[in-house]
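One structure is given here, and the rest of the page talks about it.
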Amino acid sequence: MNASLQRLIREASPETRYQIEALLRQEADDTAWAEQLGPVYRQSDVARLLGKSKQAVSADRGLLRLELRNGDLGYPVFQFEGRRQLAGIREVIRTLEPAVASPWTTASWLTSPAPELDDRTPLAALRGGDSEWVIALARRTAAALRH
């Protein structure tokens, strides 16, 4: 940050400094999520990719969709392989979504290392062909979250 900007921040009211800090935290959070999850498709992109209508994409509970800070919906690219969804991911999403607080939790679960998968992420295990193991882990996770 340049010196004149630092001076302006120091001279700002406590409320303004609080708002600046909140914006900087949001930016850091957004950057961390983008690094973990990667890019997202828009609904129209997913409709074209899968050869479905936008309404069919919107109604499909086997697709992971995230509400972005600006209110738009984003569909993480990681759930797709070519022009279809990654094998096993639909069942994982349908298993976890009713048990978790937010689709962001599902996205985090899919992209975080799991000791049960030899510290691979569930996403990497799905890409490696271990769908049955990942689906079983998703079922155990969902059951634990419901209790």
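Simple scheme: letters A, B, ... for chains in structure tokens order, numbers from 1 for residues in each chain, numbers from 1 for ligands in the order shown.
Listed by chain and then by rising number, the residues of chain A that DSSP assigns to strand (DSSP E or B) from the backbone are Val40, Tyr41, Leu66, Glu67, Leu73, Gly74, Tyr75, Pro76, Phe80, Glu81, Arg84, Gln85, Ala114 and Arg120 of chain A.
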Could you take the residues named above and write them with all heavy atoms, as a short mmCIF file (atom, residue, chain, number, x, y, z; two decimals), in the first residue's frame?
data_model
loop_
_atom_site.label_atom_id
_atom_site.label_comp_id
_atom_site.auth_asym_id
_atom_site.auth_seq_id
_atom_site.Cartn_x
_atom_site.Cartn_y
_atom_site.Cartn_z
N VAL A 40 -15.56 -21.12 -11.96
CA VAL A 40 -16.95 -21.58 -12.00
C VAL A 40 -17.56 -21.24 -13.36
O VAL A 40 -17.14 -20.30 -14.02
CB VAL A 40 -17.81 -20.95 -10.88
CG1 VAL A 40 -17.34 -21.38 -9.51
CG2 VAL A 40 -17.86 -19.43 -10.99
N TYR A 41 -18.54 -22.07 -13.74
CA TYR A 41 -19.34 -21.79 -14.93
C TYR A 41 -20.61 -21.06 -14.49
O TYR A 41 -21.09 -21.25 -13.38
CB TYR A 41 -19.79 -23.09 -15.61
CG TYR A 41 -18.73 -23.85 -16.35
CD1 TYR A 41 -18.64 -25.24 -16.20
CD2 TYR A 41 -17.86 -23.24 -17.24
CE1 TYR A 41 -17.70 -25.98 -16.90
CE2 TYR A 41 -16.92 -23.97 -17.94
CZ TYR A 41 -16.85 -25.34 -17.77
OH TYR A 41 -15.92 -26.07 -18.46
N LEU A 66 -23.13 -22.79 -6.37
CA LEU A 66 -22.75 -21.93 -5.26
C LEU A 66 -23.28 -20.52 -5.50
O LEU A 66 -23.13 -19.99 -6.60
CB LEU A 66 -21.22 -21.86 -5.14
CG LEU A 66 -20.49 -23.20 -5.00
CD1 LEU A 66 -18.99 -22.99 -5.11
CD2 LEU A 66 -20.87 -23.90 -3.71
N GLU A 67 -23.88 -19.93 -4.47
CA GLU A 67 -24.28 -18.54 -4.59
C GLU A 67 -23.06 -17.69 -4.30
O GLU A 67 -22.47 -17.76 -3.22
CB GLU A 67 -25.41 -18.19 -3.63
CG GLU A 67 -25.90 -16.78 -3.84
CD GLU A 67 -27.13 -16.43 -3.03
OE1 GLU A 67 -27.82 -17.33 -2.54
OE2 GLU A 67 -27.39 -15.22 -2.90
N LEU A 73 -25.12 -17.32 -9.48
CA LEU A 73 -24.84 -18.72 -9.20
C LEU A 73 -23.63 -19.15 -10.01
O LEU A 73 -23.51 -18.80 -11.18
CB LEU A 73 -26.03 -19.60 -9.55
CG LEU A 73 -27.27 -19.42 -8.69
CD1 LEU A 73 -28.39 -20.32 -9.18
CD2 LEU A 73 -26.98 -19.69 -7.23
N GLY A 74 -22.76 -19.90 -9.38
CA GLY A 74 -21.59 -20.45 -10.05
C GLY A 74 -21.56 -21.95 -9.88
O GLY A 74 -21.89 -22.48 -8.82
N TYR A 75 -21.19 -22.65 -10.93
CA TYR A 75 -21.09 -24.10 -10.93
C TYR A 75 -19.61 -24.46 -11.05
O TYR A 75 -19.03 -24.24 -12.11
CB TYR A 75 -21.87 -24.69 -12.11
CG TYR A 75 -23.36 -24.44 -12.03
CD1 TYR A 75 -23.90 -23.20 -12.37
CD2 TYR A 75 -24.22 -25.44 -11.62
CE1 TYR A 75 -25.27 -22.96 -12.29
CE2 TYR A 75 -25.60 -25.21 -11.56
CZ TYR A 75 -26.10 -23.97 -11.89
OH TYR A 75 -27.46 -23.75 -11.81
N PRO A 76 -18.99 -24.95 -9.96
CA PRO A 76 -17.55 -25.22 -10.02
C PRO A 76 -17.19 -26.12 -11.21
O PRO A 76 -17.81 -27.17 -11.43
CB PRO A 76 -17.26 -25.93 -8.70
CG PRO A 76 -18.33 -25.43 -7.78
CD PRO A 76 -19.55 -25.28 -8.65
N PHE A 80 -16.97 -31.22 -13.56
CA PHE A 80 -17.18 -31.67 -14.92
C PHE A 80 -15.92 -32.33 -15.49
O PHE A 80 -14.80 -31.97 -15.14
CB PHE A 80 -17.60 -30.50 -15.82
CG PHE A 80 -18.86 -29.85 -15.35
CD1 PHE A 80 -18.82 -28.66 -14.63
CD2 PHE A 80 -20.09 -30.44 -15.59
CE1 PHE A 80 -19.97 -28.07 -14.17
CE2 PHE A 80 -21.26 -29.85 -15.13
CZ PHE A 80 -21.20 -28.66 -14.42
N GLU A 81 -16.16 -33.25 -16.39
CA GLU A 81 -15.08 -33.91 -17.12
C GLU A 81 -15.53 -33.94 -18.58
O GLU A 81 -16.45 -34.69 -18.92
CB GLU A 81 -14.88 -35.32 -16.57
CG GLU A 81 -13.66 -36.02 -17.08
CD GLU A 81 -13.41 -37.30 -16.30
OE1 GLU A 81 -14.26 -38.21 -16.38
OE2 GLU A 81 -12.38 -37.36 -15.63
N ARG A 84 -19.53 -33.82 -19.61
CA ARG A 84 -20.40 -34.50 -18.65
C ARG A 84 -19.87 -34.28 -17.25
O ARG A 84 -18.77 -33.79 -17.06
CB ARG A 84 -20.49 -35.99 -18.96
CG ARG A 84 -19.15 -36.70 -18.90
CD ARG A 84 -19.28 -38.19 -19.27
NE ARG A 84 -17.99 -38.82 -19.22
CZ ARG A 84 -17.39 -39.26 -18.13
NH1 ARG A 84 -17.99 -39.15 -16.98
NH2 ARG A 84 -16.19 -39.83 -18.18
N GLN A 85 -20.68 -34.69 -16.29
CA GLN A 85 -20.22 -34.60 -14.91
C GLN A 85 -19.25 -35.72 -14.60
O GLN A 85 -19.35 -36.82 -15.16
CB GLN A 85 -21.40 -34.68 -13.94
CG GLN A 85 -21.88 -33.33 -13.48
CD GLN A 85 -22.88 -33.45 -12.38
OE1 GLN A 85 -23.93 -34.05 -12.58
NE2 GLN A 85 -22.59 -32.86 -11.24
N ALA A 114 -8.60 -35.85 2.74
CA ALA A 114 -9.32 -36.72 3.67
C ALA A 114 -8.40 -37.86 4.11
O ALA A 114 -7.89 -38.59 3.26
CB ALA A 114 -10.57 -37.29 2.99
N ARG A 120 -5.79 -37.83 0.06
CA ARG A 120 -6.23 -37.26 -1.22
C ARG A 120 -7.54 -36.52 -0.96
O ARG A 120 -8.25 -36.80 -0.01
CB ARG A 120 -6.49 -38.35 -2.26
CG ARG A 120 -5.25 -39.08 -2.73
CD ARG A 120 -5.59 -40.14 -3.76
NE ARG A 120 -6.48 -41.14 -3.16
CZ ARG A 120 -7.25 -41.98 -3.85
NH1 ARG A 120 -7.24 -41.97 -5.17
NH2 ARG A 120 -8.01 -42.86 -3.24
#
I'd like the neighbourhood of segment 129-142 of chain A as a PDB file with N, CA, C and O atoms, in the first residue's frame, where a residue qualifies if any of its atoms comes within 10 Å (using only C-alpha atoms), though same-chain residues fewer than 3 positions away should be ignored.
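Output file selection35.pdb follows:
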ATOM      1  N   LEU A  86     -18.333 -35.454 -13.707  1.00  0.00           N
ATOM      2  CA  LEU A  86     -17.370 -36.434 -13.246  1.00  0.00           C
ATOM      3  C   LEU A  86     -18.111 -37.624 -12.641  1.00  0.00           C
ATOM      4  O   LEU A  86     -19.064 -37.444 -11.882  1.00  0.00           O
ATOM      5  N   ALA A  87     -17.681 -38.831 -12.978  1.00  0.00           N
ATOM      6  CA  ALA A  87     -18.331 -40.045 -12.479  1.00  0.00           C
ATOM      7  C   ALA A  87     -18.358 -40.046 -10.954  1.00  0.00           C
ATOM      8  O   ALA A  87     -17.339 -39.812 -10.306  1.00  0.00           O
ATOM      9  N   GLY A  88     -19.537 -40.287 -10.386  1.00  0.00           N
ATOM     10  CA  GLY A  88     -19.715 -40.398  -8.945  1.00  0.00           C
ATOM     11  C   GLY A  88     -20.055 -39.104  -8.237  1.00  0.00           C
ATOM     12  O   GLY A  88     -20.569 -39.123  -7.121  1.00  0.00           O
ATOM     13  N   ILE A  89     -19.807 -37.974  -8.869  1.00  0.00           N
ATOM     14  CA  ILE A  89     -19.989 -36.704  -8.157  1.00  0.00           C
ATOM     15  C   ILE A  89     -21.464 -36.373  -7.922  1.00  0.00           C
ATOM     16  O   ILE A  89     -21.808 -35.781  -6.901  1.00  0.00           O
ATOM     17  N   ARG A  90     -22.340 -36.789  -8.822  1.00  0.00           N
ATOM     18  CA  ARG A  90     -23.777 -36.532  -8.633  1.00  0.00           C
ATOM     19  C   ARG A  90     -24.267 -37.180  -7.336  1.00  0.00           C
ATOM     20  O   ARG A  90     -24.980 -36.560  -6.557  1.00  0.00           O
ATOM     21  N   GLU A  91     -23.884 -38.431  -7.133  1.00  0.00           N
ATOM     22  CA  GLU A  91     -24.333 -39.137  -5.933  1.00  0.00           C
ATOM     23  C   GLU A  91     -23.733 -38.513  -4.675  1.00  0.00           C
ATOM     24  O   GLU A  91     -24.402 -38.397  -3.651  1.00  0.00           O
ATOM     25  N   VAL A  92     -22.485 -38.079  -4.753  1.00  0.00           N
ATOM     26  CA  VAL A  92     -21.851 -37.408  -3.612  1.00  0.00           C
ATOM     27  C   VAL A  92     -22.620 -36.126  -3.272  1.00  0.00           C
ATOM     28  O   VAL A  92     -22.949 -35.874  -2.107  1.00  0.00           O
ATOM     29  N   ILE A  93     -22.918 -35.328  -4.272  1.00  0.00           N
ATOM     30  CA  ILE A  93     -23.640 -34.070  -4.053  1.00  0.00           C
ATOM     31  C   ILE A  93     -25.023 -34.344  -3.478  1.00  0.00           C
ATOM     32  O   ILE A  93     -25.432 -33.734  -2.489  1.00  0.00           O
ATOM     33  N   ARG A  94     -25.736 -35.287  -4.048  1.00  0.00           N
ATOM     34  CA  ARG A  94     -27.081 -35.616  -3.554  1.00  0.00           C
ATOM     35  C   ARG A  94     -27.048 -36.200  -2.148  1.00  0.00           C
ATOM     36  O   ARG A  94     -28.003 -36.056  -1.395  1.00  0.00           O
ATOM     37  N   THR A  95     -25.963 -36.848  -1.793  1.00  0.00           N
ATOM     38  CA  THR A  95     -25.822 -37.420  -0.457  1.00  0.00           C
ATOM     39  C   THR A  95     -25.505 -36.335   0.573  1.00  0.00           C
ATOM     40  O   THR A  95     -26.091 -36.304   1.656  1.00  0.00           O
ATOM     41  N   LEU A  96     -24.600 -35.438   0.245  1.00  0.00           N
ATOM     42  CA  LEU A  96     -24.154 -34.431   1.207  1.00  0.00           C
ATOM     43  C   LEU A  96     -25.101 -33.239   1.346  1.00  0.00           C
ATOM     44  O   LEU A  96     -25.304 -32.735   2.453  1.00  0.00           O
ATOM     45  N   GLU A  97     -25.664 -32.777   0.255  1.00  0.00           N
ATOM     46  CA  GLU A  97     -26.434 -31.528   0.274  1.00  0.00           C
ATOM     47  C   GLU A  97     -27.530 -31.489   1.345  1.00  0.00           C
ATOM     48  O   GLU A  97     -27.658 -30.473   2.021  1.00  0.00           O
ATOM     49  N   PRO A  98     -28.327 -32.551   1.543  1.00  0.00           N
ATOM     50  CA  PRO A  98     -29.358 -32.450   2.581  1.00  0.00           C
ATOM     51  C   PRO A  98     -28.787 -32.380   4.007  1.00  0.00           C
ATOM     52  O   PRO A  98     -29.457 -31.926   4.924  1.00  0.00           O
ATOM     53  N   ALA A  99     -27.554 -32.814   4.195  1.00  0.00           N
ATOM     54  CA  ALA A  99     -26.971 -32.899   5.540  1.00  0.00           C
ATOM     55  C   ALA A  99     -26.115 -31.696   5.915  1.00  0.00           C
ATOM     56  O   ALA A  99     -25.837 -31.494   7.095  1.00  0.00           O
ATOM     57  N   VAL A 100     -25.691 -30.910   4.948  1.00  0.00           N
ATOM     58  CA  VAL A 100     -24.772 -29.804   5.233  1.00  0.00           C
ATOM     59  C   VAL A 100     -25.516 -28.471   5.259  1.00  0.00           C
ATOM     60  O   VAL A 100     -26.606 -28.344   4.720  1.00  0.00           O
ATOM     61  N   THR A 106     -20.152 -28.545   0.913  1.00  0.00           N
ATOM     62  CA  THR A 106     -19.921 -29.659  -0.016  1.00  0.00           C
ATOM     63  C   THR A 106     -18.692 -29.389  -0.874  1.00  0.00           C
ATOM     64  O   THR A 106     -17.848 -30.265  -1.068  1.00  0.00           O
ATOM     65  N   TRP A 109     -15.643 -29.877   1.237  1.00  0.00           N
ATOM     66  CA  TRP A 109     -15.445 -31.306   1.505  1.00  0.00           C
ATOM     67  C   TRP A 109     -14.795 -31.989   0.304  1.00  0.00           C
ATOM     68  O   TRP A 109     -13.865 -32.772   0.451  1.00  0.00           O
ATOM     69  N   LEU A 110     -15.284 -31.668  -0.874  1.00  0.00           N
ATOM     70  CA  LEU A 110     -14.756 -32.290  -2.094  1.00  0.00           C
ATOM     71  C   LEU A 110     -13.309 -31.905  -2.385  1.00  0.00           C
ATOM     72  O   LEU A 110     -12.577 -32.676  -3.017  1.00  0.00           O
ATOM     73  N   ALA A 114      -8.596 -35.850   2.740  1.00  0.00           N
ATOM     74  CA  ALA A 114      -9.318 -36.723   3.668  1.00  0.00           C
ATOM     75  C   ALA A 114      -8.400 -37.860   4.114  1.00  0.00           C
ATOM     76  O   ALA A 114      -7.886 -38.594   3.261  1.00  0.00           O
ATOM     77  N   GLU A 116      -9.162 -40.652   5.297  1.00  0.00           N
ATOM     78  CA  GLU A 116      -9.748 -41.917   4.851  1.00  0.00           C
ATOM     79  C   GLU A 116      -9.394 -42.245   3.399  1.00  0.00           C
ATOM     80  O   GLU A 116      -9.574 -43.375   2.959  1.00  0.00           O
ATOM     81  N   LEU A 117      -8.939 -41.249   2.673  1.00  0.00           N
ATOM     82  CA  LEU A 117      -8.573 -41.419   1.260  1.00  0.00           C
ATOM     83  C   LEU A 117      -7.063 -41.240   1.074  1.00  0.00           C
ATOM     84  O   LEU A 117      -6.617 -40.765   0.039  1.00  0.00           O
ATOM     85  N   THR A 121      -7.870 -35.599  -1.836  1.00  0.00           N
ATOM     86  CA  THR A 121      -9.190 -34.970  -1.748  1.00  0.00           C
ATOM     87  C   THR A 121     -10.214 -35.933  -2.337  1.00  0.00           C
ATOM     88  O   THR A 121      -9.869 -36.756  -3.202  1.00  0.00           O
ATOM     89  N   PRO A 122     -11.465 -35.869  -1.891  1.00  0.00           N
ATOM     90  CA  PRO A 122     -12.493 -36.692  -2.534  1.00  0.00           C
ATOM     91  C   PRO A 122     -12.550 -36.450  -4.048  1.00  0.00           C
ATOM     92  O   PRO A 122     -12.753 -37.393  -4.819  1.00  0.00           O
ATOM     93  N   LEU A 123     -12.333 -35.222  -4.458  1.00  0.00           N
ATOM     94  CA  LEU A 123     -12.330 -34.912  -5.888  1.00  0.00           C
ATOM     95  C   LEU A 123     -11.221 -35.674  -6.608  1.00  0.00           C
ATOM     96  O   LEU A 123     -11.441 -36.274  -7.664  1.00  0.00           O
ATOM     97  N   ALA A 124     -10.018 -35.682  -6.038  1.00  0.00           N
ATOM     98  CA  ALA A 124      -8.907 -36.423  -6.653  1.00  0.00           C
ATOM     99  C   ALA A 124      -9.201 -37.916  -6.674  1.00  0.00           C
ATOM    100  O   ALA A 124      -8.886 -38.605  -7.651  1.00  0.00           O
ATOM    101  N   ALA A 125      -9.825 -38.418  -5.607  1.00  0.00           N
ATOM    102  CA  ALA A 125     -10.174 -39.846  -5.568  1.00  0.00           C
ATOM    103  C   ALA A 125     -11.214 -40.175  -6.642  1.00  0.00           C
ATOM    104  O   ALA A 125     -11.116 -41.216  -7.304  1.00  0.00           O
ATOM    105  N   LEU A 126     -12.190 -39.292  -6.845  1.00  0.00           N
ATOM    106  CA  LEU A 126     -13.170 -39.505  -7.919  1.00  0.00           C
ATOM    107  C   LEU A 126     -12.466 -39.524  -9.274  1.00  0.00           C
ATOM    108  O   LEU A 126     -12.726 -40.385 -10.111  1.00  0.00           O
ATOM    109  N   LEU A 145     -23.280 -36.022  10.257  1.00  0.00           N
ATOM    110  CA  LEU A 145     -23.757 -34.652  10.353  1.00  0.00           C
ATOM    111  C   LEU A 145     -25.230 -34.579  10.765  1.00  0.00           C
ATOM    112  O   LEU A 145     -25.659 -33.594  11.354  1.00  0.00           O
ATOM    113  N   ARG A 146     -25.988 -35.603  10.455  1.00  0.00           N
ATOM    114  CA  ARG A 146     -27.419 -35.616  10.806  1.00  0.00           C
ATOM    115  C   ARG A 146     -27.638 -35.908  12.277  1.00  0.00           C
ATOM    116  O   ARG A 146     -28.713 -35.677  12.788  1.00  0.00           O
ATOM    117  N   HIS A 147     -26.650 -36.478  12.942  1.00  0.00           N
ATOM    118  CA  HIS A 147     -26.829 -36.872  14.360  1.00  0.00           C
ATOM    119  C   HIS A 147     -26.302 -35.862  15.304  1.00  0.00           C
ATOM    120  O   HIS A 147     -25.565 -35.057  15.236  1.00  0.00           O
TER     121      HIS A 147
END
One-decimal distance in Å that lies between atom CA of Gly62 of chain A and atom CA of Ser44 of chain A: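 The value is 16.5 Å.
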Residues of segment 3-147 of chain A in alpha helix (DSSP H) according to DSSP, as number ranges by chain? A: 3-11, 14-37, 43-50, 54-59, 89-96, 103-110, 122-127, 131-146
Grab the atom CA of Pro39 of chain A to atom CA of Ala101 of chain A distance for me, in Å with one decimal place.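 It comes out at 22.1 Å.
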Computed interatomic separation between atom CA of Pro103 of chain A and atom CA of Arg65 of chain A (Å):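 Atom CA of Pro103 of chain A sits 6.8 Å away from atom CA of Arg65 of chain A.
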Nearest candidate to Gly71 of chain A (options A:Ala47, A:Arg42, A:Leu37, A:Pro14; using only C-alpha atoms):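 The closest residue to Gly71 of chain A is A:Arg42.
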